[in-house]
$ cat protein29.cif   # mmCIF, C-alpha atoms and all ligand atoms
data_work
#
loop_
_atom_site.label_atom_id
_atom_site.label_comp_id
_atom_site.auth_asym_id
_atom_site.auth_seq_id
_atom_site.Cartn_x
_atom_site.Cartn_y
_atom_site.Cartn_z
CA MET A 22 5.85 9.60 -19.82
CA PRO A 23 3.21 11.45 -17.77
CA HIS A 24 3.13 15.24 -18.18
CA PHE A 25 3.54 17.80 -15.40
CA GLN A 26 -0.15 18.69 -15.72
CA ASP A 27 -0.94 15.11 -14.74
CA ILE A 28 0.87 15.57 -11.44
CA VAL A 29 -1.59 15.73 -8.57
CA ILE A 30 0.96 16.19 -5.80
CA GLN A 31 4.57 17.24 -6.08
CA ILE A 32 6.67 16.73 -2.96
CA THR A 33 10.12 18.28 -2.82
CA ASP A 34 12.78 17.82 -0.14
CA LEU A 35 10.25 17.50 2.67
CA LYS A 36 11.62 17.48 6.22
CA LYS A 37 10.14 17.30 9.69
CA SER A 38 11.74 16.37 12.98
CA PHE A 39 10.49 15.90 16.54
CA LYS A 40 12.99 16.57 19.33
CA GLY A 41 15.97 15.23 17.43
CA ILE A 42 14.06 12.47 15.57
CA ASN A 43 14.15 13.04 11.82
CA ALA A 44 10.66 11.64 11.17
CA VAL A 45 10.69 12.82 7.54
CA ASP A 46 14.17 13.38 6.26
CA GLY A 47 14.29 15.01 2.83
CA ILE A 48 11.85 13.09 0.72
CA ASN A 49 10.83 13.66 -2.91
CA PHE A 50 8.10 12.12 -5.03
CA ASN A 51 5.32 12.95 -7.46
CA VAL A 52 1.86 11.43 -7.46
CA PHE A 53 0.09 11.28 -10.81
CA LYS A 54 -3.63 11.53 -11.57
CA GLY A 55 -5.54 8.29 -11.15
CA GLN A 56 -2.63 6.52 -9.48
CA CYS A 57 -2.74 4.51 -6.31
CA PHE A 58 0.51 5.56 -4.64
CA GLY A 59 1.72 3.51 -1.67
CA LEU A 60 3.96 4.74 1.11
CA LEU A 61 5.35 1.53 2.49
CA GLY A 62 7.41 1.07 5.60
CA PRO A 63 7.56 -0.43 9.09
CA ASN A 64 6.24 1.23 12.27
CA GLY A 65 8.00 4.51 12.87
CA ALA A 66 9.30 4.89 9.30
CA GLY A 67 7.67 8.31 8.96
CA LYS A 68 4.63 7.47 6.83
CA THR A 69 1.98 9.13 9.00
CA THR A 70 4.11 12.23 9.55
CA CYS A 71 4.56 12.53 5.80
CA ILE A 72 0.90 11.97 4.94
CA GLU A 73 -0.25 14.45 7.60
CA ILE A 74 1.95 17.11 6.01
CA LEU A 75 0.45 16.35 2.60
CA GLU A 76 -3.05 16.60 4.09
CA GLY A 77 -2.24 20.00 5.55
CA ILE A 78 -2.81 18.75 9.11
CA SER A 79 0.79 19.21 10.11
CA LYS A 80 3.44 21.67 8.96
CA ALA A 81 6.79 20.62 7.48
CA ASP A 82 10.01 22.13 8.83
CA SER A 83 11.14 22.65 5.23
CA GLY A 84 10.48 21.54 1.68
CA SER A 85 7.35 21.93 -0.39
CA VAL A 86 4.07 20.19 -1.19
CA VAL A 87 2.34 21.47 -4.32
CA PHE A 88 -1.02 20.43 -5.77
CA PRO A 89 -0.52 21.74 -9.33
CA ALA A 90 -4.03 20.84 -10.51
CA LEU A 91 -5.90 22.32 -7.53
CA PRO A 92 -8.42 24.76 -9.06
CA LYS A 93 -7.60 28.37 -8.11
CA LYS A 94 -10.79 29.04 -6.15
CA MET A 95 -11.00 25.65 -4.46
CA HIS A 96 -9.92 25.08 -0.87
CA LEU A 97 -7.68 22.05 -0.25
CA ASN A 98 -10.38 20.59 2.05
CA GLN A 99 -12.71 20.24 -0.90
CA TYR A 100 -9.99 18.72 -3.10
CA ILE A 101 -8.85 15.96 -0.72
CA GLY A 102 -10.54 13.31 1.39
CA MET A 103 -8.90 11.34 4.16
CA THR A 104 -9.17 8.53 6.66
CA PHE A 105 -7.06 8.59 9.77
CA GLN A 106 -5.51 5.64 11.58
CA HIS A 107 -7.64 6.32 14.67
CA THR A 108 -10.65 8.32 13.57
CA ALA A 109 -13.06 9.03 16.42
CA LEU A 110 -16.67 8.68 15.28
CA PRO A 111 -19.72 9.58 17.37
CA ASP A 112 -20.79 6.26 18.94
CA PHE A 113 -24.51 6.60 19.46
CA ILE A 114 -25.62 7.60 16.01
CA LYS A 115 -26.33 5.39 13.05
CA VAL A 116 -24.32 5.02 9.86
CA LYS A 117 -26.90 6.95 7.82
CA GLU A 118 -26.88 9.81 10.34
CA THR A 119 -23.08 9.89 10.31
CA LEU A 120 -23.10 10.30 6.53
CA ALA A 121 -25.62 13.14 6.84
CA LEU A 122 -23.58 14.80 9.59
CA PHE A 123 -20.38 14.79 7.55
CA SER A 124 -22.21 15.89 4.36
CA ASN A 125 -23.21 19.07 6.13
CA LEU A 126 -19.55 20.01 6.55
CA TYR A 127 -19.01 20.58 2.83
CA PRO A 128 -20.53 23.00 0.32
CA SER A 129 -20.69 20.31 -2.34
CA THR A 130 -20.91 16.55 -1.89
CA LEU A 131 -21.09 13.36 -3.89
CA ASP A 132 -24.57 11.83 -4.20
CA GLN A 133 -25.11 9.88 -0.96
CA ASN A 134 -26.74 6.92 -2.70
CA GLN A 135 -23.68 6.57 -4.89
CA ILE A 136 -21.40 6.57 -1.84
CA ILE A 137 -23.62 4.05 -0.03
CA GLN A 138 -23.50 1.80 -3.06
CA SER A 139 -19.76 2.25 -3.75
CA CYS A 140 -18.84 1.52 -0.13
CA GLN A 141 -21.37 -1.29 0.31
CA LEU A 142 -23.17 0.34 3.22
CA GLU A 143 -26.75 -0.64 2.23
CA ASP A 144 -27.09 -3.37 4.88
CA ILE A 145 -25.65 -1.38 7.77
CA LEU A 146 -27.25 2.03 7.23
CA HIS A 147 -29.39 1.74 10.36
CA ARG A 148 -26.75 0.23 12.62
CA ASP A 149 -25.11 2.15 15.47
CA VAL A 150 -21.56 3.14 14.57
CA LYS A 151 -20.45 1.63 17.86
CA LYS A 152 -21.66 -1.81 16.77
CA LEU A 153 -19.80 -1.99 13.46
CA SER A 154 -17.17 -4.66 12.81
CA GLY A 155 -13.64 -3.54 11.88
CA GLY A 156 -14.29 -4.03 8.16
CA GLN A 157 -17.65 -2.21 8.29
CA ARG A 158 -16.07 0.67 10.17
CA GLN A 159 -13.34 1.01 7.52
CA ARG A 160 -16.02 1.02 4.80
CA LEU A 161 -17.80 3.84 6.61
CA LEU A 162 -14.53 5.76 7.03
CA LEU A 163 -13.86 5.39 3.32
CA ALA A 164 -17.37 6.67 2.59
CA LEU A 165 -16.70 9.72 4.79
CA ALA A 166 -13.43 10.32 2.91
CA LEU A 167 -15.40 10.30 -0.36
CA ILE A 168 -18.24 12.48 0.78
CA ASN A 169 -16.87 15.77 -0.60
CA ASP A 170 -16.19 14.11 -3.98
CA PRO A 171 -12.44 14.67 -3.60
CA GLU A 172 -9.90 14.35 -6.38
CA VAL A 173 -7.33 12.84 -4.00
CA ILE A 174 -7.95 10.38 -1.17
CA PHE A 175 -5.50 9.69 1.63
CA LEU A 176 -5.83 6.36 3.43
CA ASP A 177 -3.57 5.90 6.43
CA GLU A 178 -3.15 2.17 7.12
CA PRO A 179 -6.76 1.44 6.19
CA THR A 180 -6.63 -2.32 6.80
CA THR A 181 -4.55 -2.51 9.97
CA GLY A 182 -6.32 -4.80 12.42
CA LEU A 183 -8.71 -6.31 9.87
CA ASP A 184 -8.90 -10.07 9.40
CA PRO A 185 -7.60 -11.43 6.05
CA HIS A 186 -11.12 -11.75 4.61
CA ALA A 187 -12.09 -8.18 5.52
CA ARG A 188 -8.78 -6.91 4.13
CA ARG A 189 -9.44 -8.56 0.78
CA ASP A 190 -12.97 -7.13 0.70
CA PHE A 191 -11.50 -3.70 1.37
CA TRP A 192 -8.99 -4.12 -1.46
CA THR A 193 -11.87 -4.81 -3.86
CA LEU A 194 -13.50 -1.64 -2.63
CA ILE A 195 -10.36 0.39 -3.24
CA GLU A 196 -10.11 -1.03 -6.76
CA SER A 197 -13.64 0.22 -7.42
CA ILE A 198 -12.75 3.68 -6.05
CA LYS A 199 -9.78 3.71 -8.43
CA GLN A 200 -12.24 3.01 -11.26
CA LEU A 201 -13.93 6.32 -10.40
CA GLY A 202 -10.67 7.99 -11.50
CA LYS A 203 -9.69 9.09 -7.99
CA THR A 204 -6.05 9.44 -7.00
CA ILE A 205 -5.24 7.44 -3.87
CA ILE A 206 -2.33 7.78 -1.48
CA LEU A 207 -2.13 4.89 0.87
CA THR A 208 0.18 4.04 3.74
CA THR A 209 0.63 0.45 4.77
CA HIS A 210 3.04 -1.96 6.31
CA TYR A 211 1.44 -4.89 4.51
CA MET A 212 3.59 -5.67 1.49
CA ASP A 213 0.90 -7.82 -0.15
CA GLU A 214 -1.52 -4.90 0.10
CA ALA A 215 0.94 -2.55 -1.57
CA HIS A 216 1.66 -5.11 -4.26
CA GLN A 217 -2.02 -5.70 -4.93
CA LEU A 218 -3.24 -2.11 -4.95
CA CYS A 219 -0.45 0.29 -5.76
CA ASP A 220 0.69 1.41 -9.20
CA GLN A 221 3.69 3.09 -7.63
CA ILE A 222 5.31 2.66 -4.23
CA ALA A 223 7.87 4.49 -2.16
CA ILE A 224 9.59 2.45 0.53
CA MET A 225 10.32 4.52 3.64
CA HIS A 226 12.91 3.69 6.25
CA GLN A 227 13.97 6.00 9.07
CA GLY A 228 12.42 9.05 7.43
CA LYS A 229 13.95 8.52 4.02
CA ILE A 230 12.67 6.98 0.80
CA ILE A 231 15.09 4.18 0.09
CA GLU A 232 13.49 2.96 -3.14
CA GLN A 233 10.55 3.86 -5.35
CA GLY A 234 8.90 2.59 -8.51
CA GLN A 235 6.29 0.13 -9.72
CA PRO A 236 6.11 -2.94 -7.46
CA LEU A 237 6.84 -5.49 -10.20
CA GLU A 238 9.60 -3.38 -11.75
CA LEU A 239 11.30 -3.04 -8.37
CA LEU A 240 11.17 -6.79 -7.80
CA ARG A 241 12.60 -7.42 -11.27
CA LYS A 242 15.32 -4.83 -10.73
CA HIS A 243 16.48 -6.29 -7.41
CA PHE A 244 15.87 -10.01 -7.93
CA ASN A 245 17.00 -11.46 -11.22
CA ARG A 246 17.18 -15.01 -9.91
CA SER A 247 14.40 -17.54 -9.39
CA VAL A 248 14.45 -20.24 -6.74
CA LEU A 249 13.05 -23.64 -7.71
CA ASN A 250 12.10 -26.39 -5.28
CA LEU A 251 11.30 -30.05 -5.92
CA PRO A 252 10.30 -32.70 -3.35
CA ILE A 253 13.06 -35.24 -2.83
CA GLU A 254 10.88 -38.28 -3.62
CA ASP A 255 10.36 -37.04 -7.20
CA ILE A 256 14.07 -36.71 -7.98
CA THR A 257 16.09 -39.24 -5.98
CA GLU A 258 17.03 -41.23 -9.08
CA PHE A 259 18.28 -38.05 -10.83
CA LYS A 260 20.40 -36.83 -7.91
CA GLN A 261 23.75 -36.95 -9.73
CA SER A 262 22.67 -35.11 -12.87
CA LEU A 263 20.77 -32.50 -10.88
CA GLU A 264 23.75 -31.87 -8.60
CA ASN A 265 25.92 -31.46 -11.67
CA TYR A 266 23.44 -28.84 -12.89
CA GLY A 267 23.68 -26.91 -9.62
CA TRP A 268 20.77 -28.24 -7.57
CA ILE A 269 21.40 -28.44 -3.82
CA PHE A 270 19.87 -31.39 -2.00
CA HIS A 271 18.27 -31.02 1.45
CA LYS A 272 16.47 -33.59 3.59
CA GLN A 273 12.96 -33.03 2.18
CA ASN A 274 13.61 -31.20 -1.06
CA ALA A 275 16.18 -29.95 -3.51
CA GLU A 276 16.67 -26.37 -4.54
CA LEU A 277 18.11 -24.46 -7.48
CA GLU A 278 18.78 -20.74 -7.72
CA THR A 279 18.94 -19.68 -11.33
CA GLU A 280 19.05 -16.64 -13.60
CA ASN A 281 17.70 -18.71 -16.45
CA LEU A 282 14.36 -20.19 -15.46
CA PRO A 283 13.32 -21.43 -18.94
CA GLU A 284 16.60 -23.29 -19.37
CA ALA A 285 16.33 -24.90 -15.90
CA ILE A 286 12.77 -26.06 -16.64
CA SER A 287 13.81 -27.38 -20.07
CA PHE A 288 16.55 -29.42 -18.41
CA LEU A 289 14.00 -31.04 -16.10
CA LEU A 290 11.61 -31.80 -18.95
CA GLU A 291 14.33 -33.16 -21.25
CA ASN A 292 15.38 -35.55 -18.47
CA HIS A 293 11.75 -36.62 -17.92
CA ILE A 294 11.82 -35.42 -14.33
CA ASN A 295 8.38 -35.07 -12.74
CA ILE A 296 7.71 -31.34 -12.25
CA ALA A 297 4.10 -31.72 -11.11
CA HIS A 298 5.10 -30.61 -7.59
CA ILE A 299 7.64 -27.96 -8.50
CA ASN A 300 7.56 -24.75 -6.50
CA ILE A 301 8.94 -21.52 -7.96
CA GLN A 302 9.43 -19.02 -5.18
CA GLN A 303 8.10 -15.54 -5.86
CA ARG A 304 10.04 -12.67 -4.33
CA THR A 305 7.92 -10.23 -2.39
CA LEU A 306 8.23 -6.60 -1.35
CA ASP A 307 9.11 -7.89 2.11
CA ASP A 308 12.09 -9.72 0.58
CA LEU A 309 13.01 -6.44 -1.10
CA PHE A 310 12.76 -4.54 2.19
CA ILE A 311 14.98 -7.13 3.89
CA LYS A 312 17.47 -6.82 1.05
CA LEU A 313 17.53 -3.03 1.33
CA THR A 314 17.60 -2.69 5.12
CA GLY A 315 18.46 -6.04 6.66
CA ASN A 316 15.11 -6.03 8.56
CA SER A 317 11.69 -7.43 7.87
CA LEU A 318 8.90 -4.91 7.26
CA ASN A 319 6.96 -6.34 10.18
CA ASP A 320 9.84 -6.49 12.70
N1 LIG B 1 4.07 14.12 17.65
C1 LIG B 1 5.22 13.47 17.75
N2 LIG B 1 6.10 13.75 18.74
C2 LIG B 1 7.29 13.10 18.82
N3 LIG B 1 7.69 12.13 17.96
C3 LIG B 1 6.85 11.79 16.98
C4 LIG B 1 5.57 12.43 16.81
N4 LIG B 1 4.96 11.89 15.72
C5 LIG B 1 5.81 10.95 15.25
N5 LIG B 1 6.94 10.90 15.98
C6 LIG B 1 8.10 10.02 15.74
O1 LIG B 1 8.46 10.16 14.39
C7 LIG B 1 8.82 8.90 13.82
C8 LIG B 1 7.91 8.60 12.64
O2 LIG B 1 6.59 8.34 13.12
P1 LIG B 1 5.35 8.08 12.15
O3 LIG B 1 4.13 7.94 12.98
O4 LIG B 1 5.33 9.10 11.08
O5 LIG B 1 5.74 6.66 11.51
P2 LIG B 1 4.84 5.65 10.73
O6 LIG B 1 5.68 5.12 9.61
O7 LIG B 1 3.55 6.26 10.34
O8 LIG B 1 4.60 4.51 11.80
P3 LIG B 1 3.26 3.65 12.09
O9 LIG B 1 3.19 2.62 10.98
O10 LIG B 1 3.54 3.02 13.41
O11 LIG B 1 2.09 4.57 12.10
C9 LIG B 1 8.70 7.89 14.95
O12 LIG B 1 9.98 7.73 15.52
C10 LIG B 1 7.75 8.57 15.93
O13 LIG B 1 7.97 8.11 17.24
#
$ encode --input "protein29.cif" --output "structure tokens"
Amino acid sequence: MPHFQDIVIQITDLKKSFKGINAVDGINFNVFKGQCFGLLGPNGAGKTTCIEILEGISKADSGSVVFPALPKKMHLNQYIGMTFQHTALPDFIKVKETLALFSNLYPSTLDQNQIIQSCQLEDILHRDVKKLSGGQRQRLLLALALINDPEVIFLDEPTTGLDPHARRDFWTLIESIKQLGKTIILTTHYMDEAHQLCDQIAIMHQGKIIEQGQPLELLRKHFNRSVLNLPIEDITEFKQSLENYGWIFHKQNAELETENLPEAISFLLENHINIAHINIQQRTLDDLFIKLTGNSLND
């Protein structure tokens, strides 16, 4: 079990409302050192409101946010780094100049060459910020979030609007930032992103956290059944015995929902049924969200 001294942020009964909308409605969680913590939820769930309170940009109505490991003489601005959903950058200056401009805002900064290398900015250093692609812009924003060598980095929907290739590149980048030992708090409504990057997630819905834990553990907790699929042409001659076992036949395929995957596979092998084209459906965090709320994350 992690110790209290490993807690980087402790959030207790946090609340904030806007004109009758309970945007953040009594949430609790701890973020531990070196973790990538994901706040997951659909549009309007309360993720940005929550993260802006943690960043000190916005004030909570009640509850507390504590950074237990923040050194006594250090200002929060030096301890955290952040990217916003819609960060405005000066258009007519180059990437290198932008890094220099932001460096001047802090008393101490990470070595610029290290940031340039970590965020893969070498090839675009002399490009106008205005001319960057979505993925390049996100890499620059991440670099700016790292510039003060923060302990904790907040990323608010960092890959929204990026194409699948750029998203995957960005994930690799985040993995490398994790290797530096930084703590990351990320909001996203992409379940695959949360699954890929986050050690711990909290699923938000209408201002509340409705479930939290490690992605795989949560899936195991909520889905103890596997769904197997076989194409009909591979199993026509075994229809009777498969139906007796519980398989349901459709037009193109047959399906089995089981709590005992090894036994179901053994049955197929013992009966010399061709499993070369078997499909075992993996449950996703989106399935979990649907189970918990009745809605898809991207509705
Ligand atoms: N400044 C504000 N004034 C009024 N209502 C607000 C304000 N900021 C947020 N809200 C409302 O609070 C709720 C939570 O919004 P929030 O932006 O935190 O959600 P989110 O999960 O970050 O959504 P998204 O993924 O779209 O960014 C929404 O109903 C939103 O309309």
$ residues_near_ligand --input "protein29.cif" --ligand "ligand LIG 1 (chain B)" --cutoff "6 Å" --atoms "only C-alpha atoms and all ligand atoms" --output "NGL selection string"
:A and (39 or 44 or 62-70)
$ closest_residue --input "protein29.cif" --among "A:Arg160, A:Lys242, A:Lys54, A:His271" --to "Glu143 in chain A" --atoms "all atoms listed in the file"
A:Arg160
$ residues_around --input "protein29.cif" --residues "Glu73 in chain A" --least-positions-apart "5" --cutoff "10 Å" --atoms "only C-alpha atoms" --output "PyMOL selection string"
chain A and resi 68+78-81+103+105+175+177
$ write_last_selection --input "protein29.cif" --atoms "C-alpha atoms" --output "mmCIF file, keeping the file's coordinate frame"
data_model
loop_
_atom_site.group_PDB
_atom_site.id
_atom_site.type_symbol
_atom_site.label_atom_id
_atom_site.label_comp_id
_atom_site.auth_asym_id
_atom_site.auth_seq_id
_atom_site.Cartn_x
_atom_site.Cartn_y
_atom_site.Cartn_z
ATOM 1 C CA LYS A 68 4.630 7.470 6.830
ATOM 2 C CA ILE A 78 -2.810 18.750 9.110
ATOM 3 C CA SER A 79 0.790 19.210 10.110
ATOM 4 C CA LYS A 80 3.440 21.670 8.960
ATOM 5 C CA ALA A 81 6.790 20.620 7.480
ATOM 6 C CA MET A 103 -8.900 11.340 4.160
ATOM 7 C CA PHE A 105 -7.060 8.590 9.770
ATOM 8 C CA PHE A 175 -5.500 9.690 1.630
ATOM 9 C CA ASP A 177 -3.570 5.900 6.430
#
$ closest_residue --input "protein29.cif" --among "A:Phe88, A:Tyr127, A:Phe288, A:Trp268" --to "Val52 in chain A" --atoms "only C-alpha atoms"
A:Phe88
$ closest_residue --input "protein29.cif" --among "A:Asn300, A:Ser287, A:Asn250, A:Gln31" --to "Phe270 in chain A" --atoms "all atoms listed in the file"
A:Asn250
$ atom_distance --input "protein29.cif" --atom1 "CA of Leu75 in chain A" --atom2 "CA of Leu237 in chain A"
26.1 Å
$ residues_around --input "protein29.cif" --residues "range 94-100 of chain A" --least-positions-apart "3" --cutoff "10 Å" --atoms "all atoms listed in the file" --output "ChimeraX atom specification"
/A:76-77,88,90-91,103,127-130,168-174
$ residues_around --input "protein29.cif" --residues "Ile231 in chain A" --least-positions-apart "3" --cutoff "12 Å" --atoms "only C-alpha atoms" --output "number ranges by chain"
A: 46-50, 60-62, 66, 222-228, 234, 239, 309-314
$ axis_aligned_box --input "protein29.cif" --around "range 205-218 of chain A" --padding-each-side "3 Å" --output "AutoDock Vina command-line options"
--center_x -0.8 --center_y 0.0 --center_z 0.7 --size_x 14.8 --size_y 21.6 --size_z 17.3
$ atom_distance --input "protein29.cif" --atom1 "CA of Thr180 in chain A" --atom2 "CA of Met212 in chain A"
12.0 Å
$ atom_distance --input "protein29.cif" --atom1 "CA of Leu162 in chain A" --atom2 "CA of Phe191 in chain A"
11.4 Å
$ closest_residue --input "protein29.cif" --among "A:Ile137, A:Leu218, A:Leu120, A:Ile299" --to "Arg189 in chain A" --atoms "only C-alpha atoms"
A:Leu218
$ residues_around --input "protein29.cif" --residues "Val116 in chain A" --least-positions-apart "3" --cutoff "10 Å" --atoms "all atoms listed in the file" --output "compact mmCIF listing (two decimals) with C-alpha atoms, in the coordinates of the input"
# COMPACT_ATOMS: atom_id res chain seq x y z
CA PRO A 111 -19.72 9.58 17.37
CA ASP A 112 -20.79 6.26 18.94
CA PHE A 113 -24.51 6.60 19.46
CA THR A 119 -23.08 9.89 10.31
CA LEU A 120 -23.10 10.30 6.53
CA ALA A 121 -25.62 13.14 6.84
CA LEU A 122 -23.58 14.80 9.59
CA ILE A 137 -23.62 4.05 -0.03
CA LEU A 142 -23.17 0.34 3.22
CA GLU A 143 -26.75 -0.64 2.23
CA ILE A 145 -25.65 -1.38 7.77
CA LEU A 146 -27.25 2.03 7.23
CA HIS A 147 -29.39 1.74 10.36
CA ARG A 148 -26.75 0.23 12.62
CA ASP A 149 -25.11 2.15 15.47
CA VAL A 150 -21.56 3.14 14.57
CA LYS A 151 -20.45 1.63 17.86
CA LEU A 153 -19.80 -1.99 13.46
CA GLN A 157 -17.65 -2.21 8.29
CA ARG A 158 -16.07 0.67 10.17
CA LEU A 161 -17.80 3.84 6.61
$ closest_residue --input "protein29.cif" --among "A:Asp34, A:Glu238, A:Glu258, A:Glu178" --to "Ile206 in chain A" --atoms "all atoms listed in the file"
A:Glu178
$ closest_residue --input "protein29.cif" --among "A:Thr104, A:Gln273, A:Pro92, A:Ser38" --to "Glu254 in chain A" --atoms "all atoms listed in the file"
A:Gln273
$ residues_around --input "protein29.cif" --residues "Leu251 in chain A" --least-positions-apart "5" --cutoff "12 Å" --atoms "only C-alpha atoms" --output "number ranges by chain"
A: 256-257, 259-260, 263, 268-277, 286, 289, 294-302
$ write_last_selection --input "protein29.cif" --atoms "C-alpha atoms" --output "JSON list (two decimals), in the coordinates of the input"
[["chain", "number", "residue", "atom", "x", "y", "z"],
["A", 256, "ILE", "CA", 14.07, -36.71, -7.98],
["A", 257, "THR", "CA", 16.09, -39.24, -5.98],
["A", 259, "PHE", "CA", 18.28, -38.05, -10.83],
["A", 260, "LYS", "CA", 20.40, -36.83, -7.91],
["A", 263, "LEU", "CA", 20.77, -32.50, -10.88],
["A", 268, "TRP", "CA", 20.77, -28.24, -7.57],
["A", 269, "ILE", "CA", 21.40, -28.44, -3.82],
["A", 270, "PHE", "CA", 19.87, -31.39, -2.00],
["A", 271, "HIS", "CA", 18.27, -31.02, 1.45],
["A", 272, "LYS", "CA", 16.47, -33.59, 3.59],
["A", 273, "GLN", "CA", 12.96, -33.03, 2.18],
["A", 274, "ASN", "CA", 13.61, -31.20, -1.06],
["A", 275, "ALA", "CA", 16.18, -29.95, -3.51],
["A", 276, "GLU", "CA", 16.67, -26.37, -4.54],
["A", 277, "LEU", "CA", 18.11, -24.46, -7.48],
["A", 286, "ILE", "CA", 12.77, -26.06, -16.64],
["A", 289, "LEU", "CA", 14.00, -31.04, -16.10],
["A", 294, "ILE", "CA", 11.82, -35.42, -14.33],
["A", 295, "ASN", "CA", 8.38, -35.07, -12.74],
["A", 296, "ILE", "CA", 7.71, -31.34, -12.25],
["A", 297, "ALA", "CA", 4.10, -31.72, -11.11],
["A", 298, "HIS", "CA", 5.10, -30.61, -7.59],
["A", 299, "ILE", "CA", 7.64, -27.96, -8.50],
["A", 300, "ASN", "CA", 7.56, -24.75, -6.50],
["A", 301, "ILE", "CA", 8.94, -21.52, -7.96],
["A", 302, "GLN", "CA", 9.43, -19.02, -5.18]]
$ build_atoms --input "protein29.cif" --residues "range 292-311 of chain A" --atoms "N, CA and C atoms" --output "JSON list (two decimals), in the frame of the given file"
[["chain", "number", "residue", "atom", "x", "y", "z"],
["A", 292, "ASN", "N", 14.96, -34.36, -19.24],
["A", 292, "ASN", "CA", 15.38, -35.55, -18.47],
["A", 292, "ASN", "C", 14.19, -36.32, -17.88],
["A", 293, "HIS", "N", 12.99, -35.93, -18.34],
["A", 293, "HIS", "CA", 11.75, -36.62, -17.92],
["A", 293, "HIS", "C", 11.60, -36.64, -16.40],
["A", 294, "ILE", "N", 11.98, -35.54, -15.78],
["A", 294, "ILE", "CA", 11.82, -35.42, -14.33],
["A", 294, "ILE", "C", 10.42, -34.87, -14.05],
["A", 295, "ASN", "N", 9.76, -35.46, -13.07],
["A", 295, "ASN", "CA", 8.38, -35.07, -12.74],
["A", 295, "ASN", "C", 8.37, -33.65, -12.12],
["A", 296, "ILE", "N", 7.74, -32.71, -12.81],
["A", 296, "ILE", "CA", 7.71, -31.34, -12.25],
["A", 296, "ILE", "C", 6.31, -30.98, -11.74],
["A", 297, "ALA", "N", 5.47, -31.99, -11.55],
["A", 297, "ALA", "CA", 4.10, -31.72, -11.11],
["A", 297, "ALA", "C", 4.08, -30.98, -9.77],
["A", 298, "HIS", "N", 5.10, -31.24, -8.92],
["A", 298, "HIS", "CA", 5.10, -30.61, -7.59],
["A", 298, "HIS", "C", 6.17, -29.54, -7.44],
["A", 299, "ILE", "N", 6.59, -28.99, -8.57],
["A", 299, "ILE", "CA", 7.64, -27.96, -8.50],
["A", 299, "ILE", "C", 7.07, -26.69, -7.85],
["A", 300, "ASN", "N", 7.95, -26.01, -7.11],
["A", 300, "ASN", "CA", 7.56, -24.75, -6.50],
["A", 300, "ASN", "C", 8.57, -23.69, -6.96],
["A", 301, "ILE", "N", 8.05, -22.62, -7.55],
["A", 301, "ILE", "CA", 8.94, -21.52, -7.96],
["A", 301, "ILE", "C", 8.66, -20.36, -7.03],
["A", 302, "GLN", "N", 9.66, -20.05, -6.21],
["A", 302, "GLN", "CA", 9.43, -19.02, -5.18],
["A", 302, "GLN", "C", 9.33, -17.64, -5.79],
["A", 303, "GLN", "N", 8.27, -16.91, -5.41],
["A", 303, "GLN", "CA", 8.10, -15.54, -5.86],
["A", 303, "GLN", "C", 8.72, -14.61, -4.81],
["A", 304, "ARG", "N", 9.51, -13.68, -5.25],
["A", 304, "ARG", "CA", 10.04, -12.67, -4.33],
["A", 304, "ARG", "C", 8.95, -11.66, -4.01],
["A", 305, "THR", "N", 8.95, -11.18, -2.80],
["A", 305, "THR", "CA", 7.92, -10.23, -2.39],
["A", 305, "THR", "C", 8.56, -8.89, -2.02],
["A", 306, "LEU", "N", 7.71, -7.90, -1.77],
["A", 306, "LEU", "CA", 8.23, -6.60, -1.35],
["A", 306, "LEU", "C", 8.89, -6.71, 0.02],
["A", 307, "ASP", "N", 8.45, -7.69, 0.82],
["A", 307, "ASP", "CA", 9.11, -7.89, 2.11],
["A", 307, "ASP", "C", 10.55, -8.35, 1.89],
["A", 308, "ASP", "N", 10.73, -9.29, 0.92],
["A", 308, "ASP", "CA", 12.09, -9.72, 0.58],
["A", 308, "ASP", "C", 12.93, -8.52, 0.15],
["A", 309, "LEU", "N", 12.29, -7.62, -0.62],
["A", 309, "LEU", "CA", 13.01, -6.44, -1.10],
["A", 309, "LEU", "C", 13.41, -5.56, 0.08],
["A", 310, "PHE", "N", 12.47, -5.39, 1.03],
["A", 310, "PHE", "CA", 12.76, -4.54, 2.19],
["A", 310, "PHE", "C", 13.92, -5.13, 3.00],
["A", 311, "ILE", "N", 13.89, -6.47, 3.16],
["A", 311, "ILE", "CA", 14.98, -7.13, 3.89],
["A", 311, "ILE", "C", 16.30, -6.90, 3.16]]
